[in-house]
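Shown below: coords_13.tsv, with TSV, C-alpha atoms and all ligand atoms.
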chain	number	residue	atom	x	y	z
A	1	MET	CA	39.44	46.01	-10.32
A	2	LYS	CA	41.85	47.01	-13.09
A	3	GLN	CA	39.28	45.87	-15.61
A	4	ASN	CA	36.65	48.02	-13.91
A	5	LEU	CA	38.94	51.03	-14.01
A	6	ALA	CA	39.60	50.48	-17.71
A	7	LEU	CA	35.87	50.25	-18.33
A	8	TYR	CA	35.34	53.38	-16.26
A	9	GLY	CA	37.88	55.26	-18.38
A	10	LEU	CA	36.33	54.04	-21.58
A	11	LEU	CA	32.87	55.11	-20.45
A	12	LEU	CA	34.14	58.52	-19.44
A	13	LEU	CA	35.78	58.98	-22.82
A	14	MET	CA	32.66	57.95	-24.70
A	15	ILE	CA	30.35	60.16	-22.67
A	16	SER	CA	32.56	63.20	-22.97
A	17	SER	CA	33.49	62.72	-26.62
A	18	GLY	CA	30.31	64.37	-27.84
A	19	LEU	CA	30.31	62.38	-31.06
A	20	ILE	CA	26.57	62.40	-31.21
A	21	SER	CA	24.22	61.44	-33.97
A	22	CYS	CA	20.88	59.67	-33.99
A	23	GLY	CA	21.18	56.24	-32.45
A	24	ASN	CA	24.96	56.51	-32.16
A	25	SER	CA	25.24	58.62	-29.03
A	26	PHE	CA	26.61	56.75	-26.07
A	27	ASN	CA	23.85	54.81	-24.40
A	28	VAL	CA	24.44	52.26	-21.67
A	29	PHE	CA	20.98	50.77	-22.13
A	30	SER	CA	20.11	48.15	-24.72
A	31	PRO	CA	17.26	48.64	-27.20
A	32	ASP	CA	15.37	45.94	-25.29
A	33	GLN	CA	15.69	48.05	-22.15
A	34	ASP	CA	14.18	50.97	-24.08
A	35	VAL	CA	11.18	48.71	-24.73
A	36	ALA	CA	11.04	47.72	-21.04
A	37	PHE	CA	11.02	51.41	-20.04
A	38	GLY	CA	8.35	52.15	-22.60
A	39	GLN	CA	6.16	49.33	-21.32
A	40	SER	CA	6.43	50.71	-17.78
A	41	VAL	CA	5.43	54.17	-18.97
A	42	ARG	CA	2.54	52.74	-21.00
A	43	ASP	CA	1.33	50.66	-18.06
A	44	GLU	CA	1.46	53.66	-15.72
A	45	ILE	CA	-0.54	55.79	-18.16
A	46	LEU	CA	-3.16	53.10	-18.78
A	47	ALA	CA	-3.51	52.51	-15.03
A	48	ASN	CA	-3.81	56.22	-14.22
A	49	THR	CA	-7.35	56.74	-15.42
A	50	PHE	CA	-7.70	59.82	-13.22
A	51	GLU	CA	-5.08	61.72	-15.19
A	52	TYR	CA	-5.30	60.01	-18.60
A	53	THR	CA	-8.43	59.13	-20.53
A	54	VAL	CA	-7.11	56.75	-23.15
A	55	TRP	CA	-9.53	55.91	-25.95
A	56	ASN	CA	-9.96	52.23	-26.56
A	57	ARG	CA	-9.75	50.93	-30.08
A	58	GLU	CA	-13.16	49.28	-30.09
A	59	ASP	CA	-14.98	52.56	-29.42
A	60	TYR	CA	-12.90	54.75	-31.73
A	61	PRO	CA	-11.84	52.59	-34.71
A	62	GLU	CA	-11.77	55.42	-37.27
A	63	PRO	CA	-9.36	57.83	-35.56
A	64	TYR	CA	-7.14	54.89	-34.66
A	65	HIS	CA	-7.22	53.72	-38.25
A	66	VAL	CA	-6.05	57.10	-39.52
A	67	LEU	CA	-3.28	57.48	-36.93
A	68	ASP	CA	-2.16	53.87	-37.48
A	69	SER	CA	-1.96	54.58	-41.21
A	70	ILE	CA	0.20	57.65	-40.63
A	71	THR	CA	2.46	55.65	-38.28
A	72	GLN	CA	2.82	52.78	-40.73
A	73	GLU	CA	3.62	55.14	-43.58
A	74	ILE	CA	6.40	56.70	-41.51
A	75	LEU	CA	7.73	53.31	-40.35
A	76	ASN	CA	7.70	51.98	-43.92
A	77	THR	CA	9.96	54.72	-45.29
A	78	GLY	CA	13.01	52.54	-44.66
A	79	SER	CA	14.58	55.26	-42.51
A	80	VAL	CA	13.41	54.10	-39.06
A	81	LYS	CA	16.22	52.06	-37.53
A	82	TYR	CA	14.17	50.16	-34.95
A	83	LYS	CA	11.10	49.67	-37.14
A	84	ASP	CA	11.08	45.90	-36.57
A	85	ARG	CA	12.58	45.83	-33.09
A	86	PHE	CA	10.26	48.25	-31.29
A	87	PRO	CA	6.53	47.44	-30.96
A	88	TRP	CA	5.29	50.91	-32.08
A	89	GLU	CA	2.01	50.82	-30.16
A	90	LEU	CA	-0.29	53.82	-30.53
A	91	TYR	CA	-2.75	55.31	-28.04
A	92	ILE	CA	-5.06	58.32	-28.20
A	93	ILE	CA	-5.44	60.38	-25.02
A	94	GLU	CA	-8.56	62.50	-24.72
A	95	ASN	CA	-7.54	66.00	-23.73
A	96	ASP	CA	-8.45	68.82	-26.06
A	97	GLU	CA	-6.30	71.33	-24.19
A	98	ILE	CA	-2.97	69.72	-25.04
A	99	PRO	CA	-1.87	70.09	-28.67
A	100	ASN	CA	0.86	67.50	-28.46
A	101	ALA	CA	2.03	63.92	-28.79
A	102	PHE	CA	4.86	61.99	-27.22
A	103	CYS	CA	6.61	58.74	-27.82
A	104	ALA	CA	7.95	56.76	-24.86
A	105	PRO	CA	11.15	54.75	-25.33
A	106	GLY	CA	10.73	51.61	-27.38
A	107	GLY	CA	8.05	53.16	-29.60
A	108	TYR	CA	4.94	53.69	-27.46
A	109	ILE	CA	3.19	56.61	-29.17
A	110	PHE	CA	0.60	58.76	-27.42
A	111	VAL	CA	-1.40	61.37	-29.35
A	112	TYR	CA	-3.64	63.87	-27.58
A	113	THR	CA	-6.99	64.75	-29.10
A	114	GLY	CA	-5.84	68.36	-28.64
A	115	LEU	CA	-3.19	67.79	-31.32
A	116	MET	CA	-5.73	66.39	-33.76
A	117	LYS	CA	-7.85	69.48	-33.16
A	118	TYR	CA	-4.96	71.89	-33.42
A	119	VAL	CA	-3.32	70.77	-36.69
A	120	HIS	CA	-4.57	72.25	-39.94
A	121	THR	CA	-3.62	69.32	-42.17
A	122	VAL	CA	-2.87	65.61	-41.88
A	123	ASP	CA	0.67	66.44	-43.03
A	124	GLU	CA	1.19	68.61	-39.95
A	125	LEU	CA	-0.05	65.75	-37.81
A	126	ALA	CA	2.37	63.40	-39.59
A	127	GLY	CA	5.15	65.95	-39.03
A	128	VAL	CA	4.62	65.98	-35.26
A	129	MET	CA	4.31	62.20	-35.14
A	130	ALA	CA	7.50	61.78	-37.19
A	131	HIS	CA	9.31	64.08	-34.74
A	132	GLU	CA	8.14	61.98	-31.78
A	133	ILE	CA	8.93	58.69	-33.52
A	134	ALA	CA	12.45	60.06	-34.11
A	135	HIS	CA	12.90	60.67	-30.37
A	136	ALA	CA	12.22	56.96	-29.75
A	137	ASP	CA	14.18	55.71	-32.74
A	138	CYS	CA	17.20	57.84	-31.76
A	139	ARG	CA	16.78	56.49	-28.22
A	140	HIS	CA	16.99	60.00	-26.78
A	141	SER	CA	15.40	59.17	-23.41
A	142	THR	CA	17.88	56.48	-22.47
A	143	SER	CA	20.76	58.61	-23.81
A	144	GLN	CA	19.60	61.36	-21.47
A	145	LEU	CA	19.40	58.87	-18.58
A	146	THR	CA	22.93	57.74	-19.37
A	147	LYS	CA	24.18	61.32	-19.13
A	148	GLN	CA	22.12	62.13	-16.07
A	149	TYR	CA	23.09	59.19	-13.92
A	150	GLY	CA	26.85	59.34	-14.19
A	151	ILE	CA	29.41	56.63	-14.36
A	152	SER	CA	29.14	54.93	-10.99
A	153	ILE	CA	25.48	54.07	-11.38
A	154	ILE	CA	26.03	53.09	-14.98
A	155	LEU	CA	28.70	50.66	-13.83
A	156	GLN	CA	26.32	49.28	-11.27
A	157	LEU	CA	23.86	48.72	-14.05
A	158	ILE	CA	26.40	46.97	-16.25
A	159	LEU	CA	28.05	44.87	-13.57
A	160	GLY	CA	25.20	44.12	-11.23
A	161	GLU	CA	21.63	42.98	-11.24
A	162	ASN	CA	19.59	45.55	-13.10
A	163	GLY	CA	15.98	44.33	-13.06
A	164	ALA	CA	14.78	46.39	-10.11
A	165	PHE	CA	16.96	49.30	-11.13
A	166	ILE	CA	15.07	49.63	-14.41
A	167	GLY	CA	11.87	50.12	-12.42
A	168	ASP	CA	13.46	52.83	-10.29
A	169	LEU	CA	14.73	54.66	-13.34
A	170	THR	CA	11.30	54.85	-14.96
A	171	ASN	CA	10.31	57.69	-12.68
A	172	SER	CA	13.46	59.60	-13.53
A	173	LEU	CA	12.77	59.02	-17.18
A	174	ILE	CA	9.34	60.61	-16.90
A	175	THR	CA	10.73	63.80	-15.42
A	176	LEU	CA	13.67	64.10	-17.81
A	177	GLY	CA	13.30	66.40	-20.75
A	178	TYR	CA	15.13	66.29	-24.04
A	179	SER	CA	18.18	68.36	-24.79
A	180	ARG	CA	18.20	70.99	-27.47
A	181	GLN	CA	20.42	68.67	-29.52
A	182	ASN	CA	17.81	65.91	-29.13
A	183	GLU	CA	15.11	68.26	-30.43
A	184	LYS	CA	17.26	69.24	-33.39
A	185	GLU	CA	17.88	65.60	-34.26
A	186	ALA	CA	14.19	64.71	-33.91
A	187	ASP	CA	13.30	67.61	-36.26
A	188	SER	CA	15.94	66.50	-38.74
A	189	TYR	CA	15.04	62.81	-38.71
A	190	GLY	CA	11.36	63.73	-38.87
A	191	VAL	CA	12.04	65.53	-42.16
A	192	THR	CA	14.11	62.58	-43.41
A	193	TYR	CA	11.32	60.10	-42.66
A	194	LEU	CA	8.65	62.26	-44.29
A	195	CYS	CA	10.78	63.03	-47.34
A	196	ASN	CA	10.41	59.36	-48.25
A	197	SER	CA	6.70	59.24	-47.47
A	198	GLY	CA	3.54	60.58	-49.04
A	199	PHE	CA	3.48	63.49	-46.59
A	200	GLU	CA	4.84	66.98	-46.95
A	201	ALA	CA	8.29	66.79	-45.34
A	202	ASP	CA	8.33	70.24	-43.76
A	203	ALA	CA	4.69	70.51	-42.72
A	204	SER	CA	5.65	70.46	-39.03
A	205	LYS	CA	7.21	73.91	-39.43
A	206	ARG	CA	3.73	75.44	-39.60
A	207	PHE	CA	2.75	73.57	-36.44
A	208	PHE	CA	5.82	74.86	-34.59
A	209	GLN	CA	5.28	78.38	-35.94
A	210	ARG	CA	1.72	78.52	-34.69
A	211	LEU	CA	2.66	76.89	-31.42
A	212	SER	CA	5.34	79.47	-30.66
A	213	GLU	CA	2.97	82.31	-31.59
A	214	GLU	CA	0.09	80.98	-29.51
A	215	SER	CA	1.84	79.03	-26.77
A	216	GLY	CA	0.58	81.42	-24.11
A	217	SER	CA	-2.94	80.12	-24.56
A	218	PHE	CA	-2.12	76.44	-23.94
A	219	THR	CA	-1.00	74.29	-21.08
A	220	MET	CA	2.04	72.63	-22.57
A	221	PRO	CA	2.97	69.20	-21.30
A	222	THR	CA	6.45	68.59	-19.99
A	223	PHE	CA	6.01	64.86	-19.84
A	224	LEU	CA	8.62	63.35	-22.14
A	225	SER	CA	8.02	65.99	-24.74
A	226	THR	CA	9.26	69.52	-24.88
A	227	HIS	CA	9.46	71.76	-27.85
A	228	PRO	CA	11.72	74.64	-26.92
A	229	ASP	CA	11.99	77.11	-29.74
A	230	ASP	CA	15.42	78.59	-30.17
A	231	GLY	CA	14.27	80.53	-33.20
A	232	SER	CA	16.00	78.32	-35.75
A	233	ARG	CA	13.88	75.18	-35.75
A	234	VAL	CA	11.42	76.31	-38.36
A	235	GLN	CA	14.20	77.54	-40.66
A	236	ASN	CA	16.17	74.31	-40.22
A	237	ILE	CA	13.16	72.14	-41.08
A	238	GLU	CA	12.47	74.21	-44.20
A	239	LYS	CA	16.13	74.29	-45.24
A	240	GLN	CA	16.61	70.53	-44.89
A	241	SER	CA	13.47	69.79	-46.85
A	242	LEU	CA	14.69	72.02	-49.68
A	243	GLU	CA	18.22	70.57	-49.61
A	244	MET	CA	16.86	67.03	-49.76
A	245	ASN	CA	14.59	68.10	-52.60
A	246	CYS	CA	11.62	66.50	-50.88
A	247	PRO	CA	8.52	66.15	-53.04
A	248	ARG	CA	5.50	68.27	-52.19
A	249	PRO	CA	2.59	65.86	-52.20
A	250	SER	CA	-0.91	67.17	-52.61
A	251	GLN	CA	-3.24	67.06	-49.63
A	252	THR	CA	-4.95	63.90	-50.81
A	253	ILE	CA	-5.89	62.61	-47.37
A	254	GLU	CA	-7.36	65.83	-46.05
A	255	LYS	CA	-10.68	64.02	-45.74
A	256	ASP	CA	-9.09	61.74	-43.15
A	257	LEU	CA	-8.46	64.72	-40.91
A	258	ARG	CA	-12.15	65.56	-41.16
A	259	LEU	CA	-12.90	61.94	-40.31
A	260	ILE	CA	-10.77	62.09	-37.16
A	261	ARG	CA	-12.38	65.33	-36.09
A	262	LEU	CA	-15.84	63.91	-36.34
A	263	PHE	CA	-14.96	61.91	-33.27
A	264	LEU	CA	-13.41	64.69	-31.25
A	265	PRO	CA	-15.46	66.09	-28.43
A	266	ASP	CA	-16.62	69.69	-28.78
A	267	TYR	CA	-15.31	70.11	-32.27
A	268	SER	CA	-17.42	71.45	-35.09
A	269	LEU	CA	-16.23	71.18	-38.69
A	301	ZN	ZN	10.62	66.85	-29.27

Let me see the structure of the file written as structure tokens.
Ligand SMILES: [Zn+2]
Amino acid sequence: MKQNLALYGLLLLMISSGLISCGNSFNVFSPDQDVAFGQSVRDEILANTFEYTVWNREDYPEPYHVLDSITQEILNTGSVKYKDRFPWELYIIENDEIPNAFCAPGGYIFVYTGLMKYVHTVDELAGVMAHEIAHADCRHSTSQLTKQYGISIILQLILGENGAFIGDLTNSLITLGYSRQNEKEADSYGVTYLCNSGFEADASKRFFQRLSEESGSFTMPTFLSTHPDDGSRVQNIEKQSLEMNCPRPSQTIEKDLRLIRLFLPDYSL
């Protein structure tokens, strides 16, 4: 019992300390549990064909090829902590009304066709994907779960059997959003990833700018991905890119965006 109390105190201290940075915030879950959560989310999405039309790779090899290439370029920058530990699976969801992507814990990336339609350049697309990859790599979802569930349940998780509990938590995970701090970190790490890639590091700022100007005309998803604009995100992305002296690559793979769009329903070039 004394040991439990000591552990309780330690947990309380760590949770309240607020010493937060990507991947270092207190998280009671292991990276393998992030993957287990992500698999549950993926399985639910793939099984829910009423709500999600997921393109299969055999029918849409070209768009998958382009998005896989973007993902690999981001993962190969050397800045993604869980590059080799998370599976980084990618899926395209057909829904032209949702200009978004999300990444479930453990690196399960979902990109809506609406995002591919909405971006103006491949670099913008890479910017949004880098932001989502950062959410998974920083393990934001399970950090949020850790905060949300409080110490007693966390102790139960540590000290008891946790297999079934993981399943129960998946539903909570789906309804949890990210904190403003999470969004800031994902923006920042997104720029860091892209600064070491062939993409324009601050291209996502144009996406966020347009999104905040036009958000009234879209149905924005709340599922695992929110993009609240506190007015400083665009400036922060731009500032960091300048401070890091990120190169400004030319738009050499613009043709790939055209290639993706050839496969989008109801889109004319
Ligand atoms: Zn986000």

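Of the listed residues (A:Leu125, A:Ala134, A:Val80, A:Met244), A:Ala134 comes nearest to ligand ZN 301 (chain A); the distances count all atoms listed in the file.
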
Completion exercise
In Å and to one decimal, atom CA of A:Lys83 is distant from atom CA of A:Gly38 by 15.0 Å

Problem - Nearest to ligand ZN 301 (chain A) by atom-to-atom distance, counting all atoms listed in the file, from A:Cys138, A:Leu46, A:Ala186, A:Leu75 - result: A:Ala186

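Residues surrounding stretch 93-97 of chain A within 7 Å are Tyr52, Thr53, Val54, Trp55, Phe110, Val111, Tyr112, Thr113, Gly114, Phe218 and Thr219 of chain A [only C-alpha atoms; sequence separation below 3 positions excluded].
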
Practice task
With only C-alpha atoms and all ligand atoms counted, collect every polymer residue having an atom within 10 Å of ligand ZN 301 (chain A); state the result as a PyMOL selection string.
Solution key: chain A and resi 100-103+128-135+140+177-187+224-228

Exercise for the section: Identify which of the residues A:Ser25, A:Thr142, A:Glu200, A:Tyr149 lies closest to A:Leu173, counting only C-alpha atoms when measuring atom-to-atom distances. Expected result: A:Thr142

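Our summary of the geometry notes that atom CA of A:Ile98 is positioned 6.6 Å from atom CA of A:Leu115.
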
Exercise for the section: Just the residues within 7 Å of A:Phe199, please, counting all atoms listed in the file, with nothing from its chain fewer than 2 positions along; format it as a PyMOL selection string. Expected result: chain A and resi 123+194+197+201+249

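For the pair atom CA of A:Asn196 and atom CA of A:Phe86, the separation is 20.3 Å.
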